[in-house]
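Visitor: Sharing input37.cif here; it has mmCIF, C-alpha atoms and all ligand atoms.
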```cif
data_model
#
loop_
_atom_site.label_atom_id
_atom_site.label_comp_id
_atom_site.auth_asym_id
_atom_site.auth_seq_id
_atom_site.Cartn_x
_atom_site.Cartn_y
_atom_site.Cartn_z
CA MET L 3 102.18 106.32 141.61
CA SER L 4 99.68 106.07 138.76
CA SER L 5 97.20 103.18 138.64
CA VAL L 6 96.84 103.54 134.88
CA PHE L 7 98.32 100.88 132.59
CA HIS L 8 99.76 103.49 130.26
CA ARG L 9 100.50 102.86 126.60
CA GLY L 10 103.51 105.10 126.27
CA ALA L 11 106.80 104.47 128.01
CA GLY L 12 108.37 106.85 130.55
CA ASP L 13 106.75 109.92 132.01
CA LEU L 14 103.88 111.06 129.83
CA PRO L 15 102.87 114.71 129.90
CA GLU L 16 99.26 115.37 130.80
CA ALA L 17 97.23 116.73 127.88
CA ARG L 18 95.16 119.64 129.21
CA ARG L 19 93.81 121.51 126.24
CA ALA L 20 93.78 121.19 122.47
CA GLU L 21 92.76 123.52 119.68
CA GLY L 22 93.30 123.48 115.92
CA ALA L 23 96.63 121.76 115.35
CA ALA L 24 98.01 122.21 118.86
CA ILE L 25 97.89 120.47 122.24
CA TRP L 26 98.98 122.04 125.56
CA ASP L 27 100.19 120.01 128.54
CA ALA L 28 99.67 120.66 132.26
CA HIS L 29 102.79 122.89 132.36
CA GLY L 30 101.49 125.06 129.55
CA LYS L 31 103.91 123.65 127.00
CA ARG L 32 102.51 123.74 123.47
CA TYR L 33 102.94 120.83 121.04
CA LEU L 34 102.27 121.24 117.33
CA ASP L 35 100.36 118.05 116.57
CA ALA L 36 101.91 117.29 113.19
CA ALA L 37 100.87 113.65 113.64
CA GLY L 38 97.18 114.37 114.29
CA GLY L 39 97.58 111.89 117.17
CA ALA L 40 98.02 108.70 115.15
CA ILE L 41 97.05 110.37 111.83
CA VAL L 42 93.53 110.70 113.21
CA VAL L 43 92.54 114.34 113.63
CA GLY L 44 91.44 115.84 110.31
CA ILE L 45 89.12 118.68 111.28
CA GLY L 46 91.33 119.93 114.10
CA HIS L 47 91.16 119.78 117.88
CA GLY L 48 88.65 121.58 120.07
CA ASP L 49 85.78 122.02 117.62
CA SER L 50 82.81 123.25 119.63
CA ASP L 51 80.22 122.32 116.98
CA VAL L 52 81.25 118.67 117.16
CA VAL L 53 81.20 118.80 120.95
CA ALA L 54 77.71 120.34 120.84
CA ALA L 55 76.44 117.62 118.47
CA MET L 56 77.85 114.96 120.79
CA GLN L 57 76.28 116.57 123.82
CA GLU L 58 72.90 117.04 122.18
CA GLN L 59 72.73 113.39 121.08
CA ALA L 60 73.92 112.12 124.47
CA ARG L 61 71.18 114.15 126.12
CA ARG L 62 68.51 112.69 123.82
CA VAL L 63 69.63 109.06 123.61
CA ALA L 64 73.15 108.08 124.60
CA TYR L 65 72.75 104.38 124.05
CA ALA L 66 70.27 102.06 122.41
CA HIS L 67 71.28 98.57 121.35
CA GLY L 68 71.86 98.10 117.64
CA THR L 69 69.62 95.03 117.43
CA GLN L 70 66.73 96.88 119.06
CA PHE L 71 66.82 100.42 117.66
CA THR L 72 68.08 102.65 114.93
CA SER L 73 68.42 106.40 115.53
CA GLU L 74 67.78 109.57 113.61
CA ALA L 75 71.47 110.46 113.96
CA LEU L 76 72.57 107.18 112.42
CA GLU L 77 70.07 107.27 109.57
CA GLN L 78 71.02 110.85 108.71
CA TYR L 79 74.73 110.17 108.96
CA ALA L 80 74.51 107.18 106.64
CA THR L 81 72.38 109.11 104.16
CA GLU L 82 74.92 111.95 104.03
CA LEU L 83 77.98 109.71 103.90
CA ALA L 84 76.74 107.20 101.32
CA PRO L 85 77.15 109.44 98.21
CA LEU L 86 80.76 110.20 99.21
CA LEU L 87 81.83 106.56 99.37
CA PRO L 88 83.53 105.03 96.29
CA MET L 89 80.94 102.26 96.21
CA ASP L 90 77.57 101.42 94.69
CA GLU L 91 74.60 101.56 97.08
CA PRO L 92 76.80 101.36 100.17
CA ARG L 93 75.50 100.08 103.51
CA ILE L 94 77.29 101.39 106.57
CA TYR L 95 77.95 99.30 109.71
CA PRO L 96 79.44 101.57 112.41
CA VAL L 97 81.76 100.07 115.03
CA SER L 98 84.22 101.44 117.58
CA GLY L 99 87.51 101.73 115.70
CA GLY L 100 89.70 100.59 112.83
CA SER L 101 90.52 97.10 114.09
CA GLU L 102 86.84 96.35 114.66
CA ALA L 103 86.05 97.71 111.21
CA VAL L 104 88.62 95.36 109.65
CA GLU L 105 87.44 92.34 111.67
CA THR L 106 83.91 93.09 110.55
CA ALA L 107 85.04 93.44 106.94
CA LEU L 108 86.80 90.06 106.98
CA LYS L 109 83.78 88.33 108.49
CA LEU L 110 81.52 90.07 106.02
CA ALA L 111 83.58 88.68 103.12
CA ARG L 112 83.23 85.19 104.57
CA ALA L 113 79.49 85.67 105.14
CA PHE L 114 79.07 86.83 101.54
CA HIS L 115 80.59 83.64 100.14
CA LEU L 116 78.62 81.44 102.54
CA SER L 117 75.39 83.12 101.49
CA ARG L 118 76.23 82.36 97.85
CA GLY L 119 76.86 78.71 98.46
CA GLU L 120 80.66 78.89 98.33
CA PRO L 121 81.68 77.69 101.81
CA SER L 122 85.17 76.75 100.63
CA ARG L 123 86.07 80.44 100.24
CA HIS L 124 87.69 81.38 103.53
CA LYS L 125 91.26 82.49 102.81
CA VAL L 126 92.37 86.06 103.31
CA ILE L 127 95.14 87.45 101.15
CA ALA L 128 96.83 90.58 102.43
CA ARG L 129 100.22 92.21 101.91
CA THR L 130 103.57 92.28 103.62
CA GLY L 131 104.33 95.75 104.96
CA SER L 132 100.70 96.45 105.81
CA TYR L 133 98.79 97.29 108.96
CA HIS L 134 95.15 96.44 109.55
CA GLY L 135 94.84 96.48 113.33
CA ASN L 136 95.79 94.77 116.56
CA THR L 137 92.90 92.36 117.13
CA LEU L 138 93.90 88.87 116.06
CA GLY L 139 92.10 88.67 112.72
CA ALA L 140 93.27 92.11 111.70
CA LEU L 141 96.78 91.43 113.02
CA ASP L 142 96.94 88.20 111.04
CA ALA L 143 96.14 90.17 107.89
CA SER L 144 98.76 92.74 108.84
CA GLY L 145 102.29 92.35 107.58
CA ARG L 146 103.89 94.47 110.27
CA GLU L 147 106.48 92.15 111.75
CA PRO L 148 107.34 93.95 115.02
CA LEU L 149 103.67 93.80 116.03
CA ARG L 150 103.12 90.21 114.87
CA ARG L 151 106.24 88.66 116.39
CA PRO L 152 105.10 88.15 120.04
CA TYR L 153 101.81 86.62 118.90
CA ALA L 154 103.16 84.50 116.04
CA PRO L 155 101.82 81.22 117.49
CA TRP L 156 98.29 82.62 117.21
CA LEU L 157 98.71 83.88 113.66
CA GLY L 158 99.40 82.37 110.28
CA ARG L 159 96.12 81.82 108.45
CA ALA L 160 96.32 84.87 106.21
CA LEU L 161 98.55 84.82 103.13
CA HIS L 162 100.71 87.74 102.10
CA VAL L 163 101.85 89.12 98.76
CA PRO L 164 104.28 92.06 98.54
CA ALA L 165 102.96 95.57 98.95
CA ALA L 166 103.78 98.22 96.36
CA TYR L 167 106.77 99.90 98.03
CA GLU L 168 108.49 101.88 95.33
CA TYR L 169 111.47 103.00 97.41
CA ARG L 170 112.55 99.41 98.03
CA CYS L 171 110.86 97.66 95.10
CA ALA L 172 112.48 94.26 94.49
CA LEU L 173 110.79 93.58 91.15
CA PRO L 174 113.38 92.97 88.40
CA THR L 175 111.72 95.36 85.94
CA HIS L 176 111.42 98.24 88.46
CA PRO L 177 110.40 101.02 87.81
CA ASP L 178 108.57 99.78 84.72
CA GLY L 179 105.26 97.99 84.98
CA CYS L 180 105.48 97.39 88.75
CA GLY L 181 101.70 97.59 89.17
CA GLU L 182 101.16 94.91 86.52
CA ARG L 183 103.86 92.71 88.06
CA HIS L 184 102.26 93.01 91.50
CA ALA L 185 98.91 92.08 90.00
CA GLU L 186 100.55 89.01 88.42
CA LEU L 187 101.93 88.03 91.83
CA LEU L 188 98.44 88.31 93.33
CA ASP L 189 96.98 86.37 90.42
CA ARG L 190 99.55 83.60 90.92
CA ALA L 191 98.92 83.47 94.68
CA ILE L 192 95.17 83.09 94.09
CA ARG L 193 95.70 80.39 91.46
CA ASP L 194 98.19 78.51 93.66
CA GLU L 195 95.73 78.48 96.55
CA GLY L 196 92.79 77.70 94.30
CA PRO L 197 90.44 80.62 93.61
CA GLU L 198 87.55 78.61 95.06
CA THR L 199 89.26 78.84 98.48
CA VAL L 200 90.02 82.59 98.52
CA ALA L 201 87.49 84.93 100.15
CA CYS L 202 89.11 88.34 99.92
CA PHE L 203 92.12 90.54 99.29
CA ILE L 204 92.66 93.39 101.75
CA ALA L 205 94.98 96.37 101.27
CA GLU L 206 95.45 100.03 102.14
CA PRO L 207 95.14 102.31 99.08
CA VAL L 208 98.27 104.16 100.25
CA VAL L 209 100.24 102.16 102.83
CA GLY L 210 100.05 103.85 106.21
CA ALA L 211 102.24 103.41 109.25
CA THR L 212 104.10 100.25 108.20
CA LEU L 213 105.64 101.71 105.05
CA GLY L 214 105.15 105.39 105.80
CA ALA L 215 102.76 106.76 103.18
CA ALA L 216 104.03 104.51 100.39
CA VAL L 217 102.12 105.54 97.26
CA PRO L 218 101.66 102.77 94.67
CA PRO L 219 102.42 103.32 90.97
CA ASP L 220 99.41 104.37 88.91
CA ASP L 221 99.08 101.00 87.19
CA TYR L 222 98.83 99.13 90.51
CA TRP L 223 95.24 99.49 91.66
CA PRO L 224 93.41 99.04 88.34
CA ALA L 225 95.35 95.80 87.70
CA ILE L 226 94.81 94.51 91.26
CA GLN L 227 91.10 95.24 91.09
CA GLU L 228 90.88 93.36 87.80
CA VAL L 229 92.58 90.27 89.26
CA CYS L 230 90.23 90.21 92.26
CA ARG L 231 87.16 90.54 90.06
CA SER L 232 88.33 87.85 87.64
CA HIS L 233 88.57 85.31 90.48
CA GLY L 234 85.44 86.32 92.40
CA VAL L 235 87.67 87.46 95.28
CA LEU L 236 86.21 90.36 97.26
CA LEU L 237 88.33 93.49 97.39
CA ILE L 238 88.50 95.10 100.83
CA ALA L 239 89.92 98.62 100.91
CA ASP L 240 91.35 99.46 104.32
CA GLU L 241 90.79 103.21 104.40
CA VAL L 242 91.23 103.51 108.16
CA MET L 243 94.11 105.93 107.68
CA THR L 244 93.50 107.15 104.12
CA GLY L 245 89.77 107.85 104.47
CA PHE L 246 87.93 111.08 105.15
CA GLY L 247 90.25 113.35 103.22
CA ARG L 248 93.65 112.31 104.50
CA THR L 249 95.15 111.79 101.02
CA GLY L 250 93.50 114.86 99.50
CA ARG L 251 90.40 113.02 98.25
CA TRP L 252 87.49 111.79 100.33
CA PHE L 253 88.81 108.24 100.04
CA GLY L 254 92.17 106.96 98.82
CA CYS L 255 90.48 104.60 96.34
CA GLU L 256 89.32 107.60 94.32
CA HIS L 257 92.84 108.39 93.11
CA TRP L 258 92.73 105.27 90.93
CA GLY L 259 89.00 104.79 90.36
CA VAL L 260 88.88 101.71 92.62
CA ARG L 261 85.43 100.46 93.66
CA PRO L 262 85.93 98.07 96.58
CA ASP L 263 83.34 95.48 97.60
CA ILE L 264 83.94 96.28 101.26
CA LEU L 265 85.58 99.31 102.85
CA ALA L 266 86.90 99.79 106.38
CA ALA L 267 87.31 103.26 107.90
CA GLY L 268 88.07 104.76 111.30
CA LYS L 269 90.45 107.48 112.52
CA GLY L 270 89.37 110.56 110.51
CA ALA L 271 85.71 109.44 110.48
CA SER L 272 85.34 111.01 113.91
CA SER L 273 88.60 113.00 113.90
CA GLY L 274 89.19 111.53 117.36
CA TYR L 275 86.08 112.99 119.00
CA TRP L 276 84.54 109.53 119.46
CA PRO L 277 85.85 105.96 119.05
CA LEU L 278 84.27 105.38 115.64
CA GLY L 279 85.02 102.88 112.91
CA LEU L 280 82.93 102.00 109.87
CA THR L 281 82.60 98.88 107.78
CA VAL L 282 80.86 99.51 104.50
CA ALA L 283 79.36 96.81 102.28
CA SER L 284 78.59 97.43 98.63
CA GLY L 285 74.94 97.01 97.67
CA GLU L 286 75.76 93.64 96.12
CA VAL L 287 77.47 92.33 99.25
CA PHE L 288 74.68 93.64 101.47
CA GLU L 289 71.93 92.17 99.31
CA SER L 290 73.57 88.76 99.25
CA LEU L 291 73.12 88.64 103.02
CA GLU L 292 69.45 89.52 103.00
CA GLY L 293 67.44 86.70 104.45
CA THR L 294 70.52 85.21 106.13
CA ALA L 295 71.88 86.45 109.43
CA PHE L 296 75.28 88.16 109.55
CA ILE L 297 76.51 86.43 112.70
CA HIS L 298 78.56 89.20 114.27
CA GLY L 299 78.10 92.22 116.51
CA PHE L 300 79.54 94.47 119.20
CA THR L 301 77.79 96.02 122.20
CA PHE L 302 78.89 99.52 121.18
CA SER L 303 78.26 99.31 117.42
CA HIS L 304 75.69 101.61 115.78
CA SER L 305 76.12 104.18 118.55
CA PRO L 306 73.78 107.18 118.22
CA VAL L 307 76.41 109.47 119.76
CA GLY L 308 79.09 108.10 117.42
CA ALA L 309 76.81 108.76 114.46
CA ALA L 310 76.08 112.32 115.63
CA VAL L 311 79.82 112.95 115.94
CA GLY L 312 80.51 111.37 112.55
CA ARG L 313 77.86 113.54 110.96
CA ALA L 314 79.19 116.73 112.57
CA VAL L 315 82.73 115.85 111.41
CA LEU L 316 81.47 115.16 107.88
CA ARG L 317 79.83 118.57 107.79
CA LYS L 318 83.03 120.25 108.98
CA LEU L 319 85.01 118.52 106.25
CA ARG L 320 82.45 119.50 103.62
CA ASP L 321 81.61 123.04 104.71
CA GLY L 322 85.23 123.97 105.41
CA ASP L 323 86.44 122.48 102.09
CA LEU L 324 88.92 120.57 104.22
CA VAL L 325 89.51 117.68 101.82
CA GLN L 326 90.79 120.17 99.27
CA ALA L 327 92.80 121.80 102.05
CA SER L 328 94.43 118.42 102.76
CA HIS L 329 95.34 118.17 99.09
CA ASP L 330 96.70 121.71 98.76
CA LYS L 331 98.50 121.89 102.10
CA GLY L 332 99.84 118.37 101.59
CA GLU L 333 101.44 119.38 98.30
CA ARG L 334 103.08 122.35 99.95
CA LEU L 335 104.26 120.46 103.02
CA LEU L 336 105.69 117.63 100.94
CA LYS L 337 107.53 120.06 98.68
CA GLU L 338 108.97 122.01 101.60
CA LEU L 339 110.07 118.88 103.45
CA MET L 340 111.70 117.55 100.29
CA ALA L 341 113.58 120.81 99.77
CA GLU L 342 114.62 121.15 103.41
CA LEU L 343 115.79 117.54 103.71
CA ALA L 344 117.29 117.18 100.22
CA ASP L 345 120.88 117.15 101.52
CA HIS L 346 120.32 115.27 104.75
CA PRO L 347 122.55 112.17 104.57
CA ASN L 348 120.07 110.06 106.55
CA VAL L 349 116.87 110.97 104.74
CA GLY L 350 116.35 108.30 102.11
CA ASP L 351 112.91 109.28 100.90
CA VAL L 352 110.15 111.82 101.51
CA ARG L 353 106.80 110.69 100.09
CA GLY L 354 103.08 110.82 100.48
CA MET L 355 99.73 112.13 99.30
CA GLY L 356 97.67 114.93 100.79
CA LEU L 357 98.47 115.44 104.44
CA MET L 358 99.80 111.89 104.83
CA ILE L 359 103.56 112.12 104.56
CA GLY L 360 106.35 109.67 105.39
CA ILE L 361 110.07 110.28 105.85
CA GLU L 362 112.24 107.18 105.58
CA LEU L 363 115.52 107.32 107.50
CA VAL L 364 118.57 105.39 106.33
CA GLN L 365 122.12 104.94 107.52
CA ASP L 366 123.40 105.30 103.97
CA ARG L 367 121.48 107.08 101.24
CA ASP L 368 123.20 105.57 98.21
CA SER L 369 122.79 101.96 99.25
CA LYS L 370 119.51 102.62 101.15
CA THR L 371 121.02 100.65 104.04
CA PRO L 372 118.75 101.07 107.06
CA PHE L 373 120.00 101.92 110.52
CA PRO L 374 120.39 98.85 112.72
CA ARG L 375 117.40 98.72 115.07
CA ALA L 376 119.70 99.09 118.08
CA LYS L 377 120.44 102.69 116.97
CA ARG L 378 116.79 103.59 117.62
CA ALA L 379 116.88 106.29 114.97
CA THR L 380 113.11 106.80 114.86
CA GLU L 381 112.81 107.00 118.64
CA ARG L 382 115.63 109.57 118.83
CA VAL L 383 114.09 111.80 116.19
CA VAL L 384 110.58 111.59 117.64
CA ALA L 385 111.88 112.35 121.16
CA ALA L 386 113.91 115.34 119.94
CA ALA L 387 110.89 116.68 118.09
CA LYS L 388 108.64 116.25 121.12
CA ASP L 389 111.16 118.08 123.30
CA ALA L 390 110.99 120.93 120.82
CA GLY L 391 107.17 120.86 120.82
CA LEU L 392 106.50 118.92 117.63
CA LEU L 393 104.58 115.63 117.56
CA LEU L 394 105.60 113.13 114.86
CA TYR L 395 104.28 109.59 114.27
CA PRO L 396 106.89 106.80 114.51
CA SER L 397 107.21 103.44 112.80
CA THR L 398 109.96 100.84 112.53
CA GLY L 399 110.68 97.67 110.57
CA CYS L 400 109.88 98.93 107.07
CA ALA L 401 113.09 97.65 105.43
CA ASP L 402 113.10 94.02 106.58
CA GLY L 403 110.62 93.59 109.41
CA THR L 404 113.14 94.70 112.06
CA ASP L 405 115.31 97.48 110.64
CA GLY L 406 113.88 100.42 108.79
CA ASP L 407 113.00 103.76 110.39
CA LEU L 408 110.12 106.05 109.55
CA VAL L 409 108.56 109.19 110.87
CA MET L 410 105.23 110.37 109.57
CA LEU L 411 103.42 113.68 109.46
CA GLY L 412 99.65 113.73 109.34
CA PRO L 413 98.52 117.04 110.81
CA PRO L 414 94.94 118.31 111.04
CA PHE L 415 93.78 119.84 107.75
CA VAL L 416 93.30 123.17 109.54
CA ILE L 417 97.05 123.52 110.11
CA THR L 418 98.07 127.09 109.27
CA GLU L 419 100.82 128.28 106.92
CA ASP L 420 102.94 129.36 109.90
CA GLU L 421 102.43 126.03 111.60
CA MET L 422 103.52 124.19 108.44
CA THR L 423 106.72 126.24 108.40
CA GLU L 424 107.19 125.44 112.09
CA ALA L 425 106.64 121.72 111.39
CA VAL L 426 109.26 121.71 108.62
CA ASP L 427 111.81 123.64 110.72
CA LYS L 428 111.34 121.54 113.83
CA ALA L 429 111.30 118.24 111.90
CA ALA L 430 114.56 119.23 110.19
CA ALA L 431 116.09 120.18 113.54
CA ALA L 432 115.00 116.87 115.12
CA LEU L 433 116.49 114.97 112.18
CA ARG L 434 119.82 116.70 112.78
CA THR L 435 120.15 114.60 115.95
CA LEU L 436 121.02 111.73 113.62
CA THR L 437 124.13 113.53 112.35
CA ASP L 438 125.23 115.30 115.55
C1 LIG A 501 95.28 101.16 107.83
C2 LIG A 501 94.86 100.85 109.23
N1 LIG A 501 93.97 99.88 109.45
C3 LIG A 501 93.55 99.58 110.70
C4 LIG A 501 94.03 100.24 111.79
C5 LIG A 501 93.54 99.89 113.18
O1 LIG A 501 92.77 100.92 113.68
P1 LIG A 501 92.54 101.09 115.27
O2 LIG A 501 93.85 101.43 115.86
O3 LIG A 501 91.52 102.20 115.35
O4 LIG A 501 91.99 99.81 115.78
C6 LIG A 501 94.96 101.27 111.61
C7 LIG A 501 95.52 102.01 112.77
O5 LIG A 501 96.56 102.60 112.72
C8 LIG A 501 95.40 101.58 110.29
O6 LIG A 501 96.29 102.55 110.06
#
```
Show me the file's structure as structure tokens.

Guide:
Amino acid sequence: MSSVFHRGAGDLPEARRAEGAAIWDAHGKRYLDAAGGAIVVGIGHGDSDVVAAMQEQARRVAYAHGTQFTSEALEQYATELAPLLPMDEPRIYPVSGGSEAVETALKLARAFHLSRGEPSRHKVIARTGSYHGNTLGALDASGREPLRRPYAPWLGRALHVPAAYEYRCALPTHPDGCGERHAELLDRAIRDEGPETVACFIAEPVVGATLGAAVPPDDYWPAIQEVCRSHGVLLIADEVMTGFGRTGRWFGCEHWGVRPDILAAGKGASSGYWPLGLTVASGEVFESLEGTAFIHGFTFSHSPVGAAVGRAVLRKLRDGDLVQASHDKGERLLKELMAELADHPNVGDVRGMGLMIGIELVQDRDSKTPFPRAKRATERVVAAAKDAGLLLYPSTGCADGTDGDLVMLGPPFVITEDEMTEAVDKAAAALRTLTD
């Protein structure tokens, strides 16, 4: 009997080896990792240059506390990353994952307002249908009902406005002017609360797991940014899933020219080689804190090894032109999935950007009626795919917080043409279990 408190249910295969877009288990079975884990692995598995960078840094200095030392690896990483960020004079605060990055971002927003003599600004506005992490601050910002439900008594401070979810948009004027309407809803929420009480608005540029790669209309982000600025509300871009090339640009914000005040990243920053998250403050936010202490910190933040890994991953993305590869391969994969699934009676929508793709499953296509949760549509599809050697990323609750089934694809950007064909064929076969 295992002494591990496993995350997954049932018997988990043992991962033995991984390379490129594939993982092999202890029995030699190969899985095409079309989910990149949890939409994490951008540069591909088994990269020996990243392993060498990690090893070299660990040999030199594995750990030095962030309040006592900086490191060459960290300084170099930040210098190379800064010009790629959609921010002015960014300052990078490395942590150990996406949830920590979001917690840090929320506290940073609060610290900014305190430093400027606006202590009444403490409220966080986020969106329904969002995910920002599983620690309590990040979970409170999240609008992912199945994850919130057990912990509801501990949550409830954050406010939520609707996310841009074009497939199920409830705005009366849909599809016209949805971005503007959403911005009006945010504007009204801020005014109702009192702008002098609102610290920040946090959102994912393209909604990740909760709504399955829901891409907002083009008028959404410019209007939202304008509303935030007009009320002195800091804009936090949660790029934990969209960052580091996942949507076909370095950061999702770039698609709409958004310049956030604070940015959170994780996942693709290290491509899974190290538990790395990043909180980034704009120059203005950083400077406001100078002379005052940012009361916050984690034992494992500012890790020299994490920085060495981040830097090696950045180089792989840049030298291999992998962000462009995510764009180009994503276009192809999306097109092929759309064509293959066009007549499937239970595929309501296929959407996404770059190599971040969501497939929404419905009981009835015309009415967009979701499967009842008890049918476990997502679980059945994901299990059938895994049996066939294809890893997909599951999510539920997108339609109403309980019902609503999604599977996502987010493969490494090094996925080959043959592997993309395999992913499409095996995904289509797994989806046939819904009609059998
Ligand atoms: C958009 C977004 N934010 C935050 C998180 C939390 O990141 P982590 O699981 O690394 O704590 C995730 C994870 O899926 C995410 O997709």

Visitor: So that I can check the surroundings of Arg190 (chain L), please list as JSON, numbers by chain every protein, DNA and RNA residue that reaches within 12 Å of it, counting all atoms listed in the file and ignoring chain neighbours fewer than 3 positions away.

Guide: {"L": [127, 162, 163, 183, 184, 185, 186, 187, 193, 194, 195, 196, 197, 226, 229, 230, 233]}

Visitor: Which one is closest to ligand LIG 501 (chain A): L:Ala54, L:Ala172, L:Ala327, L:Leu280? Count only C-alpha atoms and all ligand atoms.

Guide: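 Between L:Ala54, L:Ala172, L:Ala327, L:Leu280, the residue approaching ligand LIG 501 (chain A) most closely is L:Leu280.
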
Visitor: Hey, what's within 12 Å of Arg61 (chain L) if we count only C-alpha atoms and toss same-chain stuff fewer than 6 positions away? As a list in words, please?

Guide: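 Surrounding residues, per the criterion: Ala54, Ala55, Pro306, Val307 and Ala310 of chain L.
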
Visitor: Any chance you could work out the axis-aligned box around ligand LIG 501 (chain A), listed atoms only, 8 Å on each side, giving centre and edge lengths in Å to one decimal, as JSON?

Guide:
```
{"center_x": 94.0, "center_y": 101.1, "center_z": 111.8, "size_x": 21.0, "size_y": 19.0, "size_z": 24.0}
```

Visitor: Would you name the residues within 7 Å of ligand LIG 501 (chain A), counting all atoms listed in the file, and put them as a ChimeraX atom specification?

Guide: /L:40,99-102,104,133-136,206,210-211,240-243,268-269,279

Visitor: Rank nothing, just name the residue among L:Gly399, L:Pro218, L:Gly308, L:Pro152 nearest to Ala75 (chain L), using all atoms listed in the file.

Guide: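 Smallest separation from Ala75 (chain L) among the options: L:Gly308.
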
Visitor: Looking at L:Thr294, L:Ser305, L:Ser98, L:Thr398, which one is nearest to Ala113 (chain L), with distances taken over all atoms listed in the file?

Guide: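 Ranking L:Thr294, L:Ser305, L:Ser98, L:Thr398 by distance to Ala113 (chain L), first place goes to L:Thr294.
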
Visitor: Pull the neighbourhood of (91.9, 111.8, 111.0) for me: all residues within 7 Å in file coordinates, counting only C-alpha atoms, as a list of chain:residue names.

Guide: L:Gly38, L:Ile41, L:Val42, L:Val43, L:Gly44, L:Arg248, L:Lys269, L:Gly270, L:Ala271, L:Ser273, L:Gly274

Visitor: Just want the 9 Å neighbourhood of region 370-386 of chain L, counted on only C-alpha atoms, with same-chain residues fewer than 6 positions away dropped. Output as a PyMOL selection string.

Guide: chain L and resi 169-170+350+363-364+392-399+401+404-409+429+431-436

Visitor: What's the 10 Å shell around Pro121 (chain L), counting all atoms listed in the file, without same-chain residues fewer than 6 positions away, as a PyMOL selection string?

Guide: chain L and resi 112-115+198-199+201

Visitor: For region 62-73 of chain L, find every residue with an atom within 10 Å (counting all atoms listed in the file), except residues of its own chain fewer than 4 positions away, and show them as JSON, numbers by chain.

Guide: {"L": [56, 57, 58, 77, 78, 79, 96, 299, 300, 301, 302, 303, 304, 305, 306, 307, 308, 309, 310]}

Visitor: Would you please work out which residue, of L:His346, L:Thr244, L:Leu336, L:Ile45, is nearest to Ile359 (chain L) when using only C-alpha atoms?

Guide: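 Comparing L:His346, L:Thr244, L:Leu336, L:Ile45 against Ile359 (chain L), the winner is L:Leu336.
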
Visitor: Which is closer to Asp427 (chain L) than all the others in L:Gly391, L:Pro262, L:Gly12, L:Pro219, using only C-alpha atoms?

Guide: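 Closest candidate: L:Gly391.
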
Visitor: Return the single residue from L:Leu324, L:Val349, L:Ala36, L:Leu213 that is closest to Gln365 (chain L), with distances computed using only C-alpha atoms.

Guide: L:Val349

Visitor: Around (91.6, 97.7, 101.2) in the file's own coordinates, what residues are found within 8 Å if you use all atoms listed in the file, given back as a PyMOL selection string?

Guide: chain L and resi 203-207+237-241+262+264-266

Visitor: At what distance in Å, to one decimal, does CA of His8 (chain L) lie from CA of Val52 (chain L)?

Guide: 27.3 Å
